[in-house]
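K.L.:
So that we are looking at the same thing, I have put the structure below in structure tokens.
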Amino acid sequence: MLTDAPAVYDAVNVDIREVRLHSETEGWVSVPHENPGVYNLLEFSNGLDVLVGTIEIEPGTLSQMRLILGSENSVDVDGISYPLTTPSGSTSGLKLNLHSQLEADYFYRIWLDFDAARSVHVTGNGKYMLKPVIRMFTEASGGAVTGNVFPAEAAPNVTIYNESDTLSAIPADNGYFLIPGVTAGNYTVKFSSRIDPLPVFEVIIPDVAVVKGETTILADVSLLPL
């Protein structure tokens with residue numbers, strides 16, 4: 001499954017051609033791709049995702065994944081499309097470590113959380129480069145944090161963090177946000193505006209508990225002063 005961490009662009013288009021898995025029992029195998037081609041990462045956030053492919057493999061240790069990209073990568077900024085230059089390793093396969101133990105007769109979902117904001121870099125000559133930053137998590141590897149923040153005019157941003165991890169989300173137009181794949185623990189949640197200069201104040205909620213396999217629902221948040 002493919003999902004996306006937030007980024008402030010009109011579109012971030014990534015050409016996904018193939019996914020390969022490496023297991024101790026079968027070596028490298030290619031996952032049959034449902035729809036190879038270009039995906040706009042910004043369409044898959046706040047709980048939305050897309051199925052890349054499915055495969056049946058023998059039980060054992062799943063150690064690595066390779067994500068192979070094509071050449072049709074681009075970013076849209078202020079209504080203008082720019083090509084995204086990719087590192088040479090992208091076409092031969094971006095290597096991602098898994099180290100998951102697969103048991104017989106189970107169905108596993110693995111999410112590729114493609115961090116669009118950290119993956120797109122602007123070079124000194126005004127060109128754009130794609131250096132993919134991808135976080136992987138499975139259905140039972142963590143919890144989730146969800147809620148609503150208003151108003152949309154404040155261009156809200158949600159960040160959750162503790163000493164070891166920082167994750168973020170840009171809410172949908174209706175204020176809804178969902179941050180999945182969060183490692184169990186206590187977090188601080190910060191709500192802020194992406195408007196500069198800041199016309200609204202921040203809201204910070206400390207000691208938010210995230211439990212493996214559960215979704216933590218926060219009370220609605222307003223970024224307007226009372």
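Starting from 1 in every chain, residues are counted up; chains themselves are A, B, ... following the order of the structure tokens, and ligands are numbered from 1 as listed.
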Check the DSSP output for the backbone and give back, as a ChimeraX atom specification, the residues of range 57-157 of chain A in strand (DSSP E).
P.N.:
/A:60-69,74-77,80-85,94-102,110-115,120-122,128-130,134-138,143-150,156-157
K.L.:
Find the spatial neighbours of Gly143 in chain A, counting only C-alpha atoms, within a cut-off of 7 Å - ignore same-chain residues fewer than 6 positions away - and output them as a PyMOL selection string.
P.N.:
chain A and resi 180-184+210-215
K.L.:
List every residue of range 28-166 of chain A that DSSP, applied to the backbone of this structure, assigns to alpha helix (DSSP H), and report them as a PyMOL selection string.
P.N.:
chain A and resi 88-92+116-119
K.L.:
Suppose we keep C-alpha atoms; can you now write the selection as a PDB file, in the first residue's frame?
P.N.:
ATOM      1  CA  SER A  88      20.768   6.832 -10.612  1.00  0.00           C
ATOM      2  CA  GLY A  89      19.899   4.287  -7.914  1.00  0.00           C
ATOM      3  CA  SER A  90      16.194   5.005  -8.288  1.00  0.00           C
ATOM      4  CA  THR A  91      15.942   3.200 -11.611  1.00  0.00           C
ATOM      5  CA  SER A  92      17.854   0.143 -10.353  1.00  0.00           C
ATOM      6  CA  ALA A 116       6.918  14.041  -0.283  1.00  0.00           C
ATOM      7  CA  ALA A 117       8.048  17.089   1.710  1.00  0.00           C
ATOM      8  CA  ARG A 118      11.449  15.605   2.604  1.00  0.00           C
ATOM      9  CA  SER A 119      11.895  13.830  -0.735  1.00  0.00           C
TER      10      SER A 119
END
K.L.:
Please, which residues in range 167-202 of chain A fall within 7 Å of range 43-50 of chain A when counting only C-alpha atoms, and what is the closest atom pair and distance in Å to one decimal for each, ordered by chain then residue number, as a Markdown table?
P.N.:
| residue | atom | partner | partner_atom | distance |
| --- | --- | --- | --- | --- |
| A:Pro171 | CA | A:Asn46 | CA | 6.9 |
| A:Phe177 | CA | A:Asn46 | CA | 5.0 |
| A:Leu178 | CA | A:Asn46 | CA | 4.4 |
| A:Ile179 | CA | A:Asn46 | CA | 6.4 |
K.L.:
I'd like the contact shell of Leu218 in chain A - 12 Å cut-off, only C-alpha atoms, skipping same-chain residues fewer than 5 positions apart - returned as a PyMOL selection string.
P.N.:
chain A and resi 144-149+158+176-179+188-191+204-210
K.L.:
From the options A:Thr216, A:Asn186, A:Asn174, A:Asn40, which residue's atoms come nearest to Phe114 in chain A, counting only C-alpha atoms?
P.N.:
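Selected residue with least distance to Phe114 in chain A: A:Asn40.
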K.L.:
Of the candidates A:Ser30, A:Asn73, A:Ser222, A:Asn162, which shows the shortest atom-to-atom distance to Glu56 in chain A, using only C-alpha atoms?
P.N.:
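Looking only at the distances to Glu56 in chain A, the closest residue turns out to be A:Ser30.
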K.L.:
For Gln64 in chain A, which residue among A:Val29, A:Met129, A:Leu51, A:Leu98 is the nearest when counting only C-alpha atoms?
P.N.:
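Looking at the shortest contact to Gln64 in chain A, the residue is A:Leu98.
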K.L.:
Within 8 Å of range 10-23 of chain A, which residues of range 43-76 of chain A show up? Give each one with its shortest atom-to-atom distance in Å (one decimal) and the two atoms involved, counting only C-alpha atoms, rows by chain then rising residue number, as a Markdown table.
P.N.:
| residue | atom | partner | partner_atom | distance |
| --- | --- | --- | --- | --- |
| A:Gly60 | CA | A:Ser23 | CA | 6.7 |
| A:Thr61 | CA | A:Ser23 | CA | 5.6 |
| A:Leu62 | CA | A:Ser23 | CA | 4.4 |
| A:Ser63 | CA | A:Ser23 | CA | 5.8 |
| A:Gln64 | CA | A:His22 | CA | 5.2 |
| A:Met65 | CA | A:Leu21 | CA | 4.6 |
| A:Arg66 | CA | A:Arg20 | CA | 5.0 |
| A:Leu67 | CA | A:Val19 | CA | 4.8 |
| A:Ile68 | CA | A:Glu18 | CA | 5.0 |
| A:Leu69 | CA | A:Ile16 | CA | 4.7 |
| A:Gly70 | CA | A:Asp15 | CA | 5.0 |
| A:Ser71 | CA | A:Asp15 | CA | 6.6 |
| A:Glu72 | CA | A:Asp15 | CA | 5.4 |
| A:Asn73 | CA | A:Val14 | CA | 4.8 |
| A:Ser74 | CA | A:Asn13 | CA | 5.1 |
| A:Val75 | CA | A:Val12 | CA | 4.6 |
| A:Asp76 | CA | A:Ala11 | CA | 4.9 |
K.L.:
Just to be explicit: take each residue in the selection above, keep C-alpha atoms, and write the result as an mmCIF file, in the first residue's frame.
P.N.:
data_model
loop_
_atom_site.group_PDB
_atom_site.id
_atom_site.type_symbol
_atom_site.label_atom_id
_atom_site.label_comp_id
_atom_site.auth_asym_id
_atom_site.auth_seq_id
_atom_site.Cartn_x
_atom_site.Cartn_y
_atom_site.Cartn_z
ATOM 1 C CA GLY A 60 10.037 -16.892 6.628
ATOM 2 C CA THR A 61 11.948 -13.679 7.128
ATOM 3 C CA LEU A 62 11.150 -10.815 4.763
ATOM 4 C CA SER A 63 14.353 -8.780 4.801
ATOM 5 C CA GLN A 64 14.276 -6.126 2.073
ATOM 6 C CA MET A 65 12.170 -4.320 -0.485
ATOM 7 C CA ARG A 66 13.213 -2.565 -3.686
ATOM 8 C CA LEU A 67 11.097 0.209 -5.147
ATOM 9 C CA ILE A 68 11.908 0.791 -8.818
ATOM 10 C CA LEU A 69 11.016 4.163 -10.341
ATOM 11 C CA GLY A 70 10.573 5.214 -13.949
ATOM 12 C CA SER A 71 11.553 8.525 -15.549
ATOM 13 C CA GLU A 72 8.171 10.354 -15.530
ATOM 14 C CA ASN A 73 8.614 12.106 -12.182
ATOM 15 C CA SER A 74 7.542 15.741 -11.722
ATOM 16 C CA VAL A 75 6.461 18.371 -9.192
ATOM 17 C CA ASP A 76 3.800 21.067 -9.705
#
K.L.:
In terms of the shortest atom-to-atom distance over only C-alpha atoms, which of A:Thr25, A:Ser81, A:Thr54, A:Ser193 is closest to Gln101 in chain A?
P.N.:
A:Thr25
K.L.:
Quote the spacing between CA of Ser100 in chain A and CA of Glu58 in chain A in Å to one decimal place.
P.N.:
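According to the coordinates, CA of Ser100 in chain A and CA of Glu58 in chain A are separated by 12.9 Å.
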K.L.:
Using only C-alpha atoms, pick whichever of A:Val122, A:Leu130, A:Leu223, A:Ile57 has the shortest atom-to-atom distance to Ala104 in chain A.
P.N.:
A:Ile57
K.L.:
Mind pulling up the distance from CA of Asn97 in chain A to CA of Trp28 in chain A?
P.N.:
13.3 Å
K.L.:
Restricting the calculation to only C-alpha atoms: of A:Thr86, A:Ile160, A:Glu153, A:Ile217, which residue gets closest to Lys131 in chain A?
P.N.:
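Result for the nearest residue to Lys131 in chain A: A:Thr86.
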K.L.:
To one decimal place, how far is CA of Leu94 in chain A from CA of Leu42 in chain A in Å?
P.N.:
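Here the two named atoms are 20.4 Å from each other.
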